[in-house]
Amino acid sequence: MTKITTENYVPEARKAIKNPVLQKALADLQNRFGRGTAECYRRLPEGPDLRLKAHEIRMKTIENLDVVLETLAANIRKNGGHVYFAKDSQAAVNYCLKVARQHQVKHVVKGKSMVSEEIGLNDALVDAGIEVSETDLGEYIIQLAAETPSHIIAPAIHKTRHDVGSLFAEKLDIPYEDDPPKLTWIARKALRQKFLAADMGTSGCNIACAETGHITTVSNEGNIRMSTTLPKVHMAFMGMERVAARLEDHDILLRLLCRGAAAQNMATYVSYIGGPRQADQADGPREFHLVILDNGRSRILADPEFREMLCCIRCAACLNVCPVYAKIGGHSYGYAYTGPVGAVVTPLLVGINRAKDLCQGETLCGACQVACAVNIDLPRMLLALREKLAEGDPAWQVNPADRKERLLWQAWSWIIRNRSVYDLALRLAAVGQKLMPQRNGMIRRLPPPVNGWTQGRDLKPLANQSFIRRWKKGL
Ligand code: SF4
């Protein structure tokens, strides 16, 4: 099972903010991809409004998901593939292990897949005595470092070339090297052997198409194509929402996915897999399995307030513009999904109370929705999650905020709804703030219970006279 460490959000975020190397890497990432994606949307022949059309397409598919998935499964089976509907992580992992045992698999090569992170596939395979090799360069680095990805499409973004050089020297027993092309060549050489030795390949699925019965994977390294064609057995994992009903819809989503993910008109490698190798085909696996994972998605589907989240195609465009992700990086989110998408989907998958800091940590600035390839209203759902945390919700087993916090907010609500009380409170605060430590005209420390506000920043003091009082005096 994958480790869930959402409870560590605050300490991990504090650590990340103090890490200058990470801060630079995240700033570079946002400069490059965040801006590039917006430009890519603008250059679309249909303009950025294609995102709105994609949203409609996704919602329509999600609302008919049962029929669309049945069509996908039937078409893949017609092509000779196997389809397994896994209700949770354990079922998906068990199915993979069963197939691996049937084929006496000793070595698996993996294409990048967030669903396999979600279900903890690597650990399960290793525990079963099977060697697993990640083949995406970033994932390979992360695997050697025994870490988890910190970005959906750039998993090793937190590592410098010097880190990678030291890691390769230590783990691959080679002289230190930090030239990126040379490091890539070293990884390629090591991975070639793994591809040739593997008896099973796994991958994710960027988008499946029900009409044609195929899955599509995109990469810029060609590793997924090697993972899907060289080993004799291939198993792909997809969340049950990652499907388009028609080829026409699939193509729109594919174009937006590449733009949202890496500011590219199209990925370097796009592979379509619809079953095992046919008699007239030169390559491909002899056996093809598609695992369609629920793992809490049916519950999201059943709730009209959050159903829209299933439109997500995991392009990561929202991460590349999010001011919070830009400071705290991916590891703070404590689960496979990071950034604004993680702040909504993780609480829904692992428990809203358990992952409460994720949705409370976002700024609600709305940049994520503007960048989103399918225009998902993430800010609306962040607010809906916060409302559940404040009020409680038995349907989602959410316990309401603790009594102290509720009383505090109730008091605040009462104060701001009563003009005279509000004015009095402001006057008292303006006097009281003089007792607090100040420097350069800023308050350095607030007292409990609001001291958290000044732990990472100073606070501008209240003016001696409020605007209303000055207005009344005609100043
Ligand atoms: S929420 Fe939108 S931008 Fe973020 S990963 Fe999903 S589809 Fe991409």
# chains A, B, ... in the order shown; residues from 1 in each chain; ligands from 1

$ closest_atom_pairs --of "chain A" --to "ligand 1" --cutoff "6 Å" --atoms "only C-alpha atoms and all ligand atoms" --output "Markdown table"
| residue | atom | partner | partner_atom_place_in_ligand_line | distance |
| --- | --- | --- | --- | --- |
| A:Cys312 | CA | ligand 1 | 6 (Fe) | 3.8 |
| A:Ile313 | CA | ligand 1 | 7 (S) | 4.4 |
| A:Arg314 | CA | ligand 1 | 5 (S) | 3.6 |
| A:Cys315 | CA | ligand 1 | 8 (Fe) | 3.8 |
| A:Ala316 | CA | ligand 1 | 5 (S) | 3.9 |
| A:Ala317 | CA | ligand 1 | 3 (S) | 4.2 |
| A:Cys318 | CA | ligand 1 | 3 (S) | 4.0 |
| A:Val341 | CA | ligand 1 | 1 (S) | 4.7 |
| A:Ala371 | CA | ligand 1 | 3 (S) | 6.0 |
| A:Cys372 | CA | ligand 1 | 3 (S) | 3.4 |
| A:Ala373 | CA | ligand 1 | 7 (S) | 5.2 |
| A:Val374 | CA | ligand 1 | 7 (S) | 5.5 |
| A:Ile376 | CA | ligand 1 | 2 (Fe) | 5.7 |

$ residues_around --residues "Cys365 in chain A" --least-positions-apart "6" --cutoff "12 Å" --atoms "only C-alpha atoms" --output "list of chain:residue names"
A:Cys318, A:Val321, A:Cys322, A:Pro323, A:Val324, A:Pro340, A:Ala371, A:Asp377, A:Leu378, A:Pro379, A:Arg380, A:Leu382, A:Leu383

$ closest_residue --among "A:Arg354, A:Leu424, A:Leu435, A:Trp453" --to "Asn399 in chain A" --atoms "only C-alpha atoms"
A:Arg354

$ closest_residue --among "A:Met309, A:Val83, A:Ala390, A:Glu211" --to "Leu407 in chain A" --atoms "only C-alpha atoms"
A:Ala390

$ closest_residue --among "A:Val450, A:Arg439, A:Ile252, A:Lys98" --to "His55 in chain A" --atoms "only C-alpha atoms"
A:Ile252
